[in-house]
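Student: Dropping in run18.cif, with mmCIF, C-alpha atoms.
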```cif
data_data
#
loop_
_atom_site.group_PDB
_atom_site.id
_atom_site.type_symbol
_atom_site.label_atom_id
_atom_site.label_comp_id
_atom_site.auth_asym_id
_atom_site.auth_seq_id
_atom_site.Cartn_x
_atom_site.Cartn_y
_atom_site.Cartn_z
ATOM 1 C CA MET A 30 57.509 -111.482 77.456
ATOM 2 C CA GLN A 31 61.155 -110.775 76.611
ATOM 3 C CA SER A 32 63.654 -110.678 79.482
ATOM 4 C CA LEU A 33 67.076 -109.034 79.672
ATOM 5 C CA PRO A 34 69.985 -109.242 82.114
ATOM 6 C CA PHE A 35 69.685 -106.559 84.785
ATOM 7 C CA GLY A 36 73.105 -105.014 84.354
ATOM 8 C CA GLN A 37 75.858 -106.644 86.415
ATOM 9 C CA THR A 38 73.558 -108.282 88.968
ATOM 10 C CA GLY A 39 73.166 -111.703 87.421
ATOM 11 C CA ARG A 40 69.378 -111.255 87.591
ATOM 12 C CA MET A 41 66.976 -111.221 84.658
ATOM 13 C CA THR A 42 63.904 -109.053 84.292
ATOM 14 C CA THR A 43 61.071 -108.726 81.833
ATOM 15 C CA ARG A 44 61.295 -105.558 79.772
ATOM 16 C CA ILE A 45 57.929 -104.403 81.079
ATOM 17 C CA GLY A 46 57.660 -104.207 84.840
ATOM 18 C CA PHE A 47 55.213 -102.782 87.348
ATOM 19 C CA GLY A 48 55.569 -99.268 88.741
ATOM 20 C CA ALA A 49 53.993 -99.320 92.212
ATOM 21 C CA TRP A 50 53.746 -95.584 92.897
ATOM 22 C CA ALA A 51 50.057 -95.379 91.987
ATOM 23 C CA ILE A 52 49.042 -98.166 94.376
ATOM 24 C CA GLY A 53 50.806 -96.318 97.174
ATOM 25 C CA GLY A 54 49.402 -92.828 96.868
ATOM 26 C CA THR A 55 49.391 -89.344 95.255
ATOM 27 C CA TRP A 56 47.528 -90.654 92.192
ATOM 28 C CA GLY A 57 44.040 -90.398 93.621
ATOM 29 C CA GLU A 58 42.252 -92.994 95.708
ATOM 30 C CA VAL A 59 43.012 -96.677 95.117
ATOM 31 C CA SER A 60 41.603 -99.173 97.597
ATOM 32 C CA VAL A 61 43.838 -101.876 99.028
ATOM 33 C CA GLU A 62 41.676 -104.492 97.294
ATOM 34 C CA ASP A 63 42.049 -102.785 93.915
ATOM 35 C CA ALA A 64 45.767 -102.263 94.469
ATOM 36 C CA LYS A 65 46.316 -105.932 95.229
ATOM 37 C CA ALA A 66 44.191 -107.046 92.276
ATOM 38 C CA THR A 67 46.185 -104.752 89.995
ATOM 39 C CA LEU A 68 49.524 -106.162 91.096
ATOM 40 C CA HIS A 69 48.197 -109.719 90.810
ATOM 41 C CA ALA A 70 47.120 -108.955 87.230
ATOM 42 C CA ALA A 71 50.570 -107.603 86.331
ATOM 43 C CA LEU A 72 52.283 -110.687 87.718
ATOM 44 C CA ASP A 73 49.758 -112.953 85.983
ATOM 45 C CA GLU A 74 50.817 -111.299 82.713
ATOM 46 C CA GLY A 75 54.377 -112.440 83.379
ATOM 47 C CA MET A 76 56.006 -109.259 84.688
ATOM 48 C CA THR A 77 58.972 -110.100 86.906
ATOM 49 C CA PHE A 78 60.066 -106.620 88.045
ATOM 50 C CA ILE A 79 58.327 -104.401 90.602
ATOM 51 C CA ASP A 80 59.497 -100.894 91.450
ATOM 52 C CA THR A 81 58.383 -99.153 94.636
ATOM 53 C CA ALA A 82 59.657 -96.712 97.288
ATOM 54 C CA ASP A 83 59.444 -96.334 101.029
ATOM 55 C CA VAL A 84 57.533 -93.054 100.689
ATOM 56 C CA TYR A 85 54.811 -94.333 98.353
ATOM 57 C CA GLY A 86 51.882 -94.064 100.728
ATOM 58 C CA ASP A 87 54.343 -93.950 103.648
ATOM 59 C CA GLY A 88 55.142 -97.633 103.110
ATOM 60 C CA ARG A 89 51.685 -98.660 101.870
ATOM 61 C CA SER A 90 52.999 -99.697 98.465
ATOM 62 C CA GLU A 91 55.727 -101.866 99.989
ATOM 63 C CA ARG A 92 53.281 -103.525 102.369
ATOM 64 C CA ILE A 93 50.813 -104.288 99.567
ATOM 65 C CA ILE A 94 53.626 -105.893 97.582
ATOM 66 C CA ARG A 95 54.517 -108.044 100.592
ATOM 67 C CA GLU A 96 50.902 -109.184 100.971
ATOM 68 C CA VAL A 97 50.505 -110.045 97.288
ATOM 69 C CA LEU A 98 53.773 -111.952 97.064
ATOM 70 C CA THR A 99 52.923 -113.857 100.242
ATOM 71 C CA GLU A 100 49.555 -114.812 98.775
ATOM 72 C CA ARG A 101 51.121 -115.997 95.537
ATOM 73 C CA GLY A 102 54.082 -117.916 96.925
ATOM 74 C CA GLY A 103 56.561 -119.489 94.522
ATOM 75 C CA GLU A 104 59.476 -117.688 92.914
ATOM 76 C CA ARG A 105 59.620 -114.040 93.906
ATOM 77 C CA PRO A 106 59.901 -111.334 91.262
ATOM 78 C CA PHE A 107 62.707 -108.773 91.402
ATOM 79 C CA VAL A 108 61.552 -106.018 93.799
ATOM 80 C CA ALA A 109 63.337 -102.679 93.729
ATOM 81 C CA THR A 110 62.650 -100.001 96.316
ATOM 82 C CA LYS A 111 64.060 -96.552 97.063
ATOM 83 C CA ALA A 112 65.363 -94.644 100.068
ATOM 84 C CA GLY A 113 66.145 -91.081 101.026
ATOM 85 C CA ARG A 114 62.933 -89.164 100.580
ATOM 86 C CA ARG A 115 61.927 -89.739 104.186
ATOM 87 C CA LEU A 116 64.499 -87.116 105.140
ATOM 88 C CA ASP A 117 62.885 -83.926 106.402
ATOM 89 C CA PRO A 118 64.349 -81.595 105.364
ATOM 90 C CA HIS A 119 65.516 -83.414 102.256
ATOM 91 C CA LEU A 120 69.125 -82.243 102.186
ATOM 92 C CA ALA A 121 72.353 -83.773 100.882
ATOM 93 C CA GLU A 122 73.904 -83.925 104.344
ATOM 94 C CA GLY A 123 71.081 -86.226 105.461
ATOM 95 C CA TYR A 124 72.362 -89.019 103.217
ATOM 96 C CA THR A 125 74.406 -90.730 105.917
ATOM 97 C CA GLY A 126 74.984 -94.399 106.558
ATOM 98 C CA VAL A 127 72.929 -94.242 109.740
ATOM 99 C CA ASN A 128 69.923 -92.673 108.027
ATOM 100 C CA LEU A 129 70.085 -94.904 104.960
ATOM 101 C CA GLU A 130 70.345 -98.056 107.045
ATOM 102 C CA ALA A 131 67.322 -96.991 109.101
ATOM 103 C CA PHE A 132 65.296 -96.466 105.911
ATOM 104 C CA ILE A 133 66.465 -99.825 104.566
ATOM 105 C CA ASP A 134 65.532 -101.578 107.813
ATOM 106 C CA ARG A 135 62.034 -100.129 107.532
ATOM 107 C CA SER A 136 61.706 -101.354 103.936
ATOM 108 C CA LEU A 137 62.913 -104.817 104.961
ATOM 109 C CA THR A 138 60.051 -104.933 107.458
ATOM 110 C CA ASN A 139 57.488 -103.512 105.033
ATOM 111 C CA LEU A 140 58.446 -105.999 102.326
ATOM 112 C CA GLY A 141 58.868 -108.901 104.731
ATOM 113 C CA VAL A 142 62.321 -109.926 103.532
ATOM 114 C CA GLU A 143 65.792 -110.285 105.015
ATOM 115 C CA ARG A 144 67.548 -108.682 102.037
ATOM 116 C CA LEU A 145 66.388 -106.122 99.488
ATOM 117 C CA ASP A 146 66.990 -107.009 95.845
ATOM 118 C CA LEU A 147 67.797 -103.422 94.961
ATOM 119 C CA VAL A 148 67.698 -100.149 96.865
ATOM 120 C CA GLN A 149 67.887 -96.903 94.886
ATOM 121 C CA LEU A 150 68.754 -93.467 96.184
ATOM 122 C CA HIS A 151 65.484 -91.653 95.587
ATOM 123 C CA CYS A 152 66.294 -88.558 93.509
ATOM 124 C CA PRO A 153 68.593 -87.054 96.140
ATOM 125 C CA PRO A 154 70.036 -83.530 95.911
ATOM 126 C CA THR A 155 72.517 -83.356 93.034
ATOM 127 C CA PRO A 156 75.723 -83.288 95.168
ATOM 128 C CA VAL A 157 74.913 -86.741 96.570
ATOM 129 C CA TYR A 158 75.678 -88.492 93.264
ATOM 130 C CA ALA A 159 79.334 -87.415 93.445
ATOM 131 C CA ASN A 160 79.750 -88.126 97.155
ATOM 132 C CA GLY A 161 81.807 -91.283 97.520
ATOM 133 C CA GLU A 162 81.044 -91.486 101.242
ATOM 134 C CA VAL A 163 77.365 -92.086 100.518
ATOM 135 C CA PHE A 164 78.146 -94.996 98.238
ATOM 136 C CA ALA A 165 80.718 -96.357 100.679
ATOM 137 C CA ALA A 166 77.899 -96.409 103.236
ATOM 138 C CA LEU A 167 75.758 -98.402 100.822
ATOM 139 C CA GLU A 168 78.642 -100.818 100.323
ATOM 140 C CA ALA A 169 78.848 -101.288 104.083
ATOM 141 C CA ILE A 170 75.121 -102.010 104.288
ATOM 142 C CA LYS A 171 75.475 -104.442 101.385
ATOM 143 C CA ALA A 172 78.307 -106.189 103.258
ATOM 144 C CA LYS A 173 75.899 -106.726 106.163
ATOM 145 C CA GLY A 174 73.593 -108.628 103.812
ATOM 146 C CA LYS A 175 70.703 -106.159 103.990
ATOM 147 C CA ILE A 176 70.795 -105.271 100.294
ATOM 148 C CA ALA A 177 71.886 -107.299 97.281
ATOM 149 C CA ASP A 178 72.620 -104.287 95.088
ATOM 150 C CA TYR A 179 72.128 -100.550 94.899
ATOM 151 C CA GLY A 180 71.417 -97.977 92.236
ATOM 152 C CA VAL A 181 70.033 -94.485 91.849
ATOM 153 C CA SER A 182 66.940 -92.705 90.646
ATOM 154 C CA VAL A 183 67.694 -89.379 88.993
ATOM 155 C CA GLU A 184 65.994 -86.287 87.652
ATOM 156 C CA THR A 185 68.609 -85.209 85.106
ATOM 157 C CA VAL A 186 70.887 -86.773 82.535
ATOM 158 C CA GLU A 187 73.919 -85.177 84.152
ATOM 159 C CA GLU A 188 73.033 -86.738 87.515
ATOM 160 C CA ALA A 189 72.860 -90.113 85.768
ATOM 161 C CA ARG A 190 76.251 -89.620 84.138
ATOM 162 C CA THR A 191 77.778 -88.694 87.490
ATOM 163 C CA ALA A 192 76.198 -91.624 89.310
ATOM 164 C CA ILE A 193 77.576 -94.336 87.035
ATOM 165 C CA ARG A 194 81.092 -93.204 87.865
ATOM 166 C CA GLN A 195 80.494 -94.741 91.300
ATOM 167 C CA PRO A 196 81.726 -98.335 90.841
ATOM 168 C CA GLY A 197 78.983 -100.047 92.871
ATOM 169 C CA VAL A 198 76.024 -98.494 91.058
ATOM 170 C CA VAL A 199 74.266 -101.234 89.079
ATOM 171 C CA SER A 200 71.226 -99.303 87.814
ATOM 172 C CA VAL A 201 69.854 -95.887 86.987
ATOM 173 C CA GLN A 202 66.180 -95.026 86.955
ATOM 174 C CA ILE A 203 65.405 -92.074 84.704
ATOM 175 C CA ILE A 204 62.411 -90.495 82.966
ATOM 176 C CA TYR A 205 62.342 -91.592 79.339
ATOM 177 C CA ASN A 206 59.355 -91.317 77.030
ATOM 178 C CA LEU A 207 58.108 -89.668 73.842
ATOM 179 C CA PHE A 208 58.368 -86.314 75.621
ATOM 180 C CA ARG A 209 61.805 -86.906 77.167
ATOM 181 C CA MET A 210 64.249 -88.153 74.527
ATOM 182 C CA LYS A 211 67.493 -86.627 75.819
ATOM 183 C CA PRO A 212 68.643 -89.730 77.782
ATOM 184 C CA ALA A 213 68.997 -91.715 74.561
ATOM 185 C CA GLU A 214 71.278 -89.071 73.080
ATOM 186 C CA VAL A 215 73.489 -88.324 76.050
ATOM 187 C CA PHE A 216 73.304 -91.038 78.703
ATOM 188 C CA PHE A 217 72.299 -94.403 77.267
ATOM 189 C CA PRO A 218 75.574 -95.034 75.357
ATOM 190 C CA GLU A 219 77.509 -94.502 78.576
ATOM 191 C CA ALA A 220 75.161 -96.768 80.557
ATOM 192 C CA THR A 221 75.564 -99.532 77.992
ATOM 193 C CA ALA A 222 79.350 -99.216 78.038
ATOM 194 C CA ALA A 223 79.330 -99.464 81.847
ATOM 195 C CA ASN A 224 76.880 -102.411 81.847
ATOM 196 C CA VAL A 225 74.479 -100.401 84.015
ATOM 197 C CA ALA A 226 70.796 -101.348 83.917
ATOM 198 C CA VAL A 227 68.376 -98.614 82.833
ATOM 199 C CA ILE A 228 64.897 -98.389 84.366
ATOM 200 C CA ALA A 229 62.628 -96.114 82.321
ATOM 201 C CA ARG A 230 60.083 -94.398 84.545
ATOM 202 C CA VAL A 231 57.120 -92.049 83.876
ATOM 203 C CA PRO A 232 56.768 -93.777 80.487
ATOM 204 C CA LEU A 233 53.300 -92.385 79.819
ATOM 205 C CA ALA A 234 54.053 -88.840 81.019
ATOM 206 C CA SER A 235 51.660 -89.100 83.977
ATOM 207 C CA GLY A 236 48.924 -90.449 81.719
ATOM 208 C CA LEU A 237 49.176 -87.898 78.924
ATOM 209 C CA LEU A 238 50.513 -90.509 76.525
ATOM 210 C CA THR A 239 47.482 -92.719 77.043
ATOM 211 C CA GLY A 240 45.676 -90.262 74.782
ATOM 212 C CA LYS A 241 42.732 -90.192 77.195
ATOM 213 C CA MET A 242 43.182 -86.697 78.607
ATOM 214 C CA SER A 243 41.698 -83.421 77.450
ATOM 215 C CA ARG A 244 41.579 -79.802 78.538
ATOM 216 C CA GLU A 245 38.583 -80.749 80.670
ATOM 217 C CA SER A 246 40.438 -83.473 82.589
ATOM 218 C CA THR A 247 40.408 -83.011 86.362
ATOM 219 C CA PHE A 248 42.383 -84.703 89.121
ATOM 220 C CA ALA A 249 41.726 -85.391 92.792
ATOM 221 C CA ALA A 250 43.250 -83.084 95.376
ATOM 222 C CA ASP A 251 45.643 -85.837 96.514
ATOM 223 C CA ASP A 252 46.815 -86.541 92.937
ATOM 224 C CA HIS A 253 50.203 -85.023 92.090
ATOM 225 C CA ARG A 254 48.807 -84.042 88.691
ATOM 226 C CA SER A 255 46.699 -81.567 90.643
ATOM 227 C CA PHE A 256 49.189 -80.283 93.224
ATOM 228 C CA ASN A 257 52.624 -80.565 91.570
ATOM 229 C CA ARG A 258 52.261 -79.096 88.081
ATOM 230 C CA ASN A 259 54.789 -76.384 88.863
ATOM 231 C CA GLY A 260 56.975 -78.423 91.192
ATOM 232 C CA GLU A 261 55.264 -77.385 94.409
ATOM 233 C CA ALA A 262 55.902 -80.741 96.138
ATOM 234 C CA PHE A 263 58.803 -82.327 94.234
ATOM 235 C CA ASP A 264 60.584 -81.967 90.909
ATOM 236 C CA LYS A 265 58.287 -80.529 88.253
ATOM 237 C CA GLY A 266 59.564 -83.048 85.738
ATOM 238 C CA GLU A 267 57.826 -85.896 87.570
ATOM 239 C CA THR A 268 54.404 -84.479 86.620
ATOM 240 C CA PHE A 269 53.532 -84.615 82.903
ATOM 241 C CA SER A 270 57.301 -84.972 82.311
ATOM 242 C CA GLY A 271 57.600 -81.237 82.873
ATOM 243 C CA VAL A 272 55.709 -80.365 79.683
ATOM 244 C CA PRO A 273 53.019 -77.663 79.930
ATOM 245 C CA PHE A 274 49.674 -79.456 79.883
ATOM 246 C CA GLU A 275 48.186 -77.612 76.884
ATOM 247 C CA VAL A 276 51.367 -78.062 74.830
ATOM 248 C CA ALA A 277 51.441 -81.752 75.628
ATOM 249 C CA LEU A 278 47.816 -82.253 74.579
ATOM 250 C CA GLU A 279 48.565 -80.724 71.177
ATOM 251 C CA ALA A 280 51.562 -83.013 70.726
ATOM 252 C CA VAL A 281 49.475 -86.045 71.705
ATOM 253 C CA GLU A 282 47.004 -85.242 68.944
ATOM 254 C CA GLU A 283 49.816 -85.298 66.379
ATOM 255 C CA LEU A 284 51.283 -88.520 67.774
ATOM 256 C CA ARG A 285 47.872 -90.177 67.639
ATOM 257 C CA ALA A 286 48.179 -90.362 63.847
ATOM 258 C CA LEU A 287 51.237 -92.624 64.213
ATOM 259 C CA VAL A 288 49.505 -95.276 66.325
ATOM 260 C CA PRO A 289 48.865 -98.507 64.378
ATOM 261 C CA GLU A 290 45.271 -99.576 63.902
ATOM 262 C CA GLY A 291 44.000 -101.676 66.775
ATOM 263 C CA VAL A 292 46.734 -100.519 69.161
ATOM 264 C CA THR A 293 46.139 -98.190 72.099
ATOM 265 C CA MET A 294 48.189 -95.048 72.347
ATOM 266 C CA ALA A 295 49.557 -96.197 75.706
ATOM 267 C CA ALA A 296 50.814 -99.472 74.220
ATOM 268 C CA PHE A 297 52.330 -97.530 71.321
ATOM 269 C CA ALA A 298 54.144 -95.213 73.734
ATOM 270 C CA LEU A 299 55.525 -98.179 75.679
ATOM 271 C CA ARG A 300 56.605 -99.955 72.463
ATOM 272 C CA TRP A 301 58.429 -96.789 71.422
ATOM 273 C CA ILE A 302 60.480 -97.009 74.635
ATOM 274 C CA LEU A 303 61.266 -100.682 74.053
ATOM 275 C CA MET A 304 62.788 -99.774 70.689
ATOM 276 C CA GLU A 305 65.742 -98.431 72.689
ATOM 277 C CA GLU A 306 68.026 -101.384 73.409
ATOM 278 C CA ALA A 307 69.704 -99.616 76.337
ATOM 279 C CA VAL A 308 66.433 -99.703 78.309
ATOM 280 C CA THR A 309 66.425 -102.781 80.516
ATOM 281 C CA VAL A 310 62.898 -102.410 81.901
ATOM 282 C CA VAL A 311 60.097 -99.853 81.632
ATOM 283 C CA ILE A 312 57.806 -99.440 84.647
ATOM 284 C CA PRO A 313 54.341 -98.116 83.783
ATOM 285 C CA GLY A 314 52.009 -97.756 86.726
ATOM 286 C CA ALA A 315 48.448 -99.000 86.962
ATOM 287 C CA LYS A 316 45.456 -98.477 89.237
ATOM 288 C CA SER A 317 43.314 -101.354 87.949
ATOM 289 C CA PRO A 318 43.821 -104.888 86.625
ATOM 290 C CA ALA A 319 42.662 -103.730 83.187
ATOM 291 C CA GLN A 320 45.389 -101.096 83.075
ATOM 292 C CA ALA A 321 48.026 -103.624 84.135
ATOM 293 C CA ARG A 322 46.957 -106.034 81.417
ATOM 294 C CA ALA A 323 46.896 -103.250 78.833
ATOM 295 C CA ASN A 324 50.473 -102.298 79.713
ATOM 296 C CA ALA A 325 51.612 -105.876 79.137
ATOM 297 C CA VAL A 326 50.251 -105.819 75.582
ATOM 298 C CA ALA A 327 53.107 -103.572 74.466
ATOM 299 C CA ALA A 328 55.616 -106.385 74.924
ATOM 300 C CA GLY A 329 54.066 -108.338 72.075
ATOM 301 C CA LEU A 330 53.730 -105.539 69.542
ATOM 302 C CA PRO A 331 55.912 -105.579 66.409
ATOM 303 C CA ALA A 332 58.787 -103.146 66.090
ATOM 304 C CA LEU A 333 57.931 -99.632 64.983
ATOM 305 C CA SER A 334 59.112 -98.604 61.531
ATOM 306 C CA GLY A 335 61.882 -96.125 60.904
ATOM 307 C CA GLU A 336 59.335 -93.770 59.403
ATOM 308 C CA VAL A 337 57.193 -93.837 62.545
ATOM 309 C CA MET A 338 60.220 -93.316 64.784
ATOM 310 C CA ALA A 339 61.331 -90.352 62.685
ATOM 311 C CA ALA A 340 57.862 -88.817 62.722
ATOM 312 C CA ALA A 341 57.671 -89.138 66.502
ATOM 313 C CA ARG A 342 61.044 -87.462 66.805
ATOM 314 C CA GLU A 343 59.866 -84.601 64.598
ATOM 315 C CA VAL A 344 56.897 -83.936 66.884
ATOM 316 C CA TYR A 345 59.223 -83.919 69.902
ATOM 317 C CA ASP A 346 61.717 -81.577 68.233
ATOM 318 C CA ARG A 347 59.065 -79.129 67.101
ATOM 319 C CA ARG A 348 56.683 -79.086 70.075
ATOM 320 C CA ILE A 349 58.355 -80.507 73.179
ATOM 321 C CA LYS A 350 62.138 -80.205 73.194
ATOM 322 C CA ALA A 351 62.312 -76.505 74.031
ATOM 323 C CA HIS A 352 60.280 -77.106 77.206
ATOM 324 C CA VAL A 353 62.367 -79.950 78.650
ATOM 325 C CA TYR A 354 65.811 -80.361 77.130
ATOM 326 C CA GLY A 355 67.632 -77.695 79.116
ATOM 327 C CA SER A 356 66.134 -78.667 82.475
ATOM 328 C CA TRP A 357 66.532 -82.447 82.553
#
```
Please re-express this file's structure in structure tokens.
Tutor:
Amino acid sequence: MQSLPFGQTGRMTTRIGFGAWAIGGTWGEVSVEDAKATLHAALDEGMTFIDTADVYGDGRSERIIREVLTERGGERPFVATKAGRRLDPHLAEGYTGVNLEAFIDRSLTNLGVERLDLVQLHCPPTPVYANGEVFAALEAIKAKGKIADYGVSVETVEEARTAIRQPGVVSVQIIYNLFRMKPAEVFFPEATAANVAVIARVPLASGLLTGKMSRESTFAADDHRSFNRNGEAFDKGETFSGVPFEVALEAVEELRALVPEGVTMAAFALRWILMEEAVTVVIPGAKSPAQARANAVAAGLPALSGEVMAAAREVYDRRIKAHVYGSW
């Protein structure tokens, strides 16, 4: 599996990593045993990057990662977590050094380490990205040895562009997939110029781009695809990438014709993301070992042709762009 430098950090990471939201919560029930087996499978496939957050299952995801890595021993993968969403209410003024350090201390305990590889501000209110005092606080925590590096997770391209003006930001996590192409046009050239790592999240549009959903698909009550379709709990763009479900299903049917024979639609969607050189690592989630192994397959697929890339873009322009471009 190909690896790339992770921005300015001196670390390397495989281009396909493991998104640990689903093993934490709000994706339906996943037992601890299944969660651990899924992460083991991803690491067995060679993935060296894990992305989590302190609020995924109220720390459950972080604790499962600690248990798995303890069981495995040996060289640890790169583990990125996030902080900020424990604030209640979640307001810009809550992003203080005291609060952030408390969240980081909790993650250190959950993950069983003395220093976090990477902590990311977890989609904070927009004004936070321009607030130098917040990033000065992160620098102070870094100076204490509690974090190696820090970055941000964002909802919008403009938030990403603002964040990389902060000199200590080493990475930006942003939604990028066949339904969200704007980052490549507006943000990725700037990230590359600044040597900032790009983490592509929600790569399968909450499962839509697996090609396995239909109008009859249902979701558990504790699954965000059931309770957050209109942004009731957090940003609407995190669920189905903000695309209306029926519209997305129609686009998926058109994209299905572009998938090479013998390749799953999910692997195709991940390979499409890897065609973008600015993307350092893509972090599909998984709820079973089979899903984790299927995600890894994308790393070995041949490059997509120019014709296929153009056809995918045409579907986006005609069916999807009007629903997402102005919001994110």
Student: As an exercise, work out the distance from CA of Val199 in chain A to CA of Gly36 in chain A in Å and give it to one decimal place.
Tutor: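 One can read the CA of Val199 in chain A to CA of Gly36 in chain A distance as 6.2 Å.
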Student: Given the choices A:Asp83, A:Glu305, A:Glu267, A:Glu214, which gets closest to Arg135 in chain A if the distance is worked out from all atoms listed in the file?
Tutor: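 When distances to Arg135 in chain A are compared using all atoms listed in the file, the smallest one comes from A:Asp83.
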Student: What's the 10 Å shell around Ile45 in chain A, counting all atoms listed in the file, without same-chain residues fewer than 4 positions away, as a ChimeraX atom specification?
Tutor: /A:30-32,71,75-79,228-229,299-300,303,309-313,324-328
Student: I'd like the contact shell of range 231-246 of chain A - 10 Å cut-off, all atoms listed in the file, skipping same-chain residues fewer than 2 positions apart - returned as a VMD selection string.
Tutor: chain A and resid 48 56 203 to 209 229 248 253 to 254 266 to 272 274 to 275 277 to 282 284 to 285 293 to 299 301 to 302 311 to 314
Student: Write the selection just made, keeping C-alpha atoms, as a PDB file, keeping the file's coordinate frame?
Tutor:
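In the end it all went to selection_36.pdb:
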```pdb
ATOM      1  CA  GLY A  48      55.569 -99.268  88.741  1.00  0.00           C
ATOM      2  CA  TRP A  56      47.528 -90.654  92.192  1.00  0.00           C
ATOM      3  CA  ILE A 203      65.405 -92.074  84.704  1.00  0.00           C
ATOM      4  CA  ILE A 204      62.411 -90.495  82.966  1.00  0.00           C
ATOM      5  CA  TYR A 205      62.342 -91.592  79.339  1.00  0.00           C
ATOM      6  CA  ASN A 206      59.355 -91.317  77.030  1.00  0.00           C
ATOM      7  CA  LEU A 207      58.108 -89.668  73.842  1.00  0.00           C
ATOM      8  CA  PHE A 208      58.368 -86.314  75.621  1.00  0.00           C
ATOM      9  CA  ARG A 209      61.805 -86.906  77.167  1.00  0.00           C
ATOM     10  CA  ALA A 229      62.628 -96.114  82.321  1.00  0.00           C
ATOM     11  CA  PHE A 248      42.383 -84.703  89.121  1.00  0.00           C
ATOM     12  CA  HIS A 253      50.203 -85.023  92.090  1.00  0.00           C
ATOM     13  CA  ARG A 254      48.807 -84.042  88.691  1.00  0.00           C
ATOM     14  CA  GLY A 266      59.564 -83.048  85.738  1.00  0.00           C
ATOM     15  CA  GLU A 267      57.826 -85.896  87.570  1.00  0.00           C
ATOM     16  CA  THR A 268      54.404 -84.479  86.620  1.00  0.00           C
ATOM     17  CA  PHE A 269      53.532 -84.615  82.903  1.00  0.00           C
ATOM     18  CA  SER A 270      57.301 -84.972  82.311  1.00  0.00           C
ATOM     19  CA  GLY A 271      57.600 -81.237  82.873  1.00  0.00           C
ATOM     20  CA  VAL A 272      55.709 -80.365  79.683  1.00  0.00           C
ATOM     21  CA  PHE A 274      49.674 -79.456  79.883  1.00  0.00           C
ATOM     22  CA  GLU A 275      48.186 -77.612  76.884  1.00  0.00           C
ATOM     23  CA  ALA A 277      51.441 -81.752  75.628  1.00  0.00           C
ATOM     24  CA  LEU A 278      47.816 -82.253  74.579  1.00  0.00           C
ATOM     25  CA  GLU A 279      48.565 -80.724  71.177  1.00  0.00           C
ATOM     26  CA  ALA A 280      51.562 -83.013  70.726  1.00  0.00           C
ATOM     27  CA  VAL A 281      49.475 -86.045  71.705  1.00  0.00           C
ATOM     28  CA  GLU A 282      47.004 -85.242  68.944  1.00  0.00           C
ATOM     29  CA  LEU A 284      51.283 -88.520  67.774  1.00  0.00           C
ATOM     30  CA  ARG A 285      47.872 -90.177  67.639  1.00  0.00           C
ATOM     31  CA  THR A 293      46.139 -98.190  72.099  1.00  0.00           C
ATOM     32  CA  MET A 294      48.189 -95.048  72.347  1.00  0.00           C
ATOM     33  CA  ALA A 295      49.557 -96.197  75.706  1.00  0.00           C
ATOM     34  CA  ALA A 296      50.814 -99.472  74.220  1.00  0.00           C
ATOM     35  CA  PHE A 297      52.330 -97.530  71.321  1.00  0.00           C
ATOM     36  CA  ALA A 298      54.144 -95.213  73.734  1.00  0.00           C
ATOM     37  CA  LEU A 299      55.525 -98.179  75.679  1.00  0.00           C
ATOM     38  CA  TRP A 301      58.429 -96.789  71.422  1.00  0.00           C
ATOM     39  CA  ILE A 302      60.480 -97.009  74.635  1.00  0.00           C
ATOM     40  CA  VAL A 311      60.097 -99.853  81.632  1.00  0.00           C
ATOM     41  CA  ILE A 312      57.806 -99.440  84.647  1.00  0.00           C
ATOM     42  CA  PRO A 313      54.341 -98.116  83.783  1.00  0.00           C
ATOM     43  CA  GLY A 314      52.009 -97.756  86.726  1.00  0.00           C
TER      44      GLY A 314
END
```
Student: What's the separation between CA of His352 in chain A and CA of Phe256 in chain A, in Å to one decimal place?
Tutor: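 Distance reported for this atom pair: 19.7 Å.
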Student: I want to know what sits within 9 Å of Tyr354 in chain A, based on all atoms listed in the file, with residues of the same chain fewer than 2 positions away left out; could you give that as a list in words?
Tutor: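 Residues meeting the cut-off are Arg209, Met210, Lys211, Ile349, Lys350, Ala351, His352, Ser356 and Trp357 of chain A.
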Student: Rounded to one decimal place, report the CA of Asn259 in chain A-CA of Gly355 in chain A distance in Å.
Tutor: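 Between CA of Asn259 in chain A and CA of Gly355 in chain A the gap works out to 16.2 Å.
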Student: Contacts between range 58-69 of chain A and range 97-183 of chain A, please, where a residue of range 97-183 of chain A counts if it comes within 9 Å (with all atoms listed in the file); show its shortest atom pair and distance in Å to one decimal, rows by chain and ascending number, as a tab-separated table.
Tutor:
```
residue	atom	partner	partner_atom	distance
A:Val97	CA	A:Lys65	CA	6.2
A:Leu98	CA	A:His69	CA	8.7
A:Arg101	CA	A:His69	CA	8.4
```
Student: Would you mind exporting C-alpha atoms of the selected residues as a tab-separated table (two decimals), in the coordinates of the input?
Tutor:
```tsv
chain	number	residue	atom	x	y	z
A	97	VAL	CA	50.50	-110.04	97.29
A	98	LEU	CA	53.77	-111.95	97.06
A	101	ARG	CA	51.12	-116.00	95.54
```
Student: Please return the centre and edge lengths, in Å to one decimal, of a box with edges along x, y and z that contains all listed atoms of range 82-88 of chain A, widened by 4 Å on every side, as JSON.
Tutor:
```
{"center_x": 55.8, "center_y": -95.3, "center_z": 100.5, "size_x": 15.8, "size_y": 12.6, "size_z": 14.4}
```
Student: Contacts of Glu130 in chain A at 9 Å or less, counting all atoms listed in the file, minus same-chain residues fewer than 2 places along, as an NGL selection string?
Tutor: :A and (125-128 or 132-135 or 166-167 or 170 or 175)
Student: Report as a list in words all protein, DNA and RNA residues lying within 10 Å of range 218-224 of chain A, evaluated on all atoms listed in the file, omitting residues in the same chain fewer than 4 positions from it.
Tutor: Pro34, Phe35, Gly36, Gln37, Thr38, Ala189, Arg190, Ile193, Arg194, Pro196, Val198, Val199, Ser200, Val201, Pro212, Ala213, Glu214, Glu306, Ala307 and Val308 of chain A
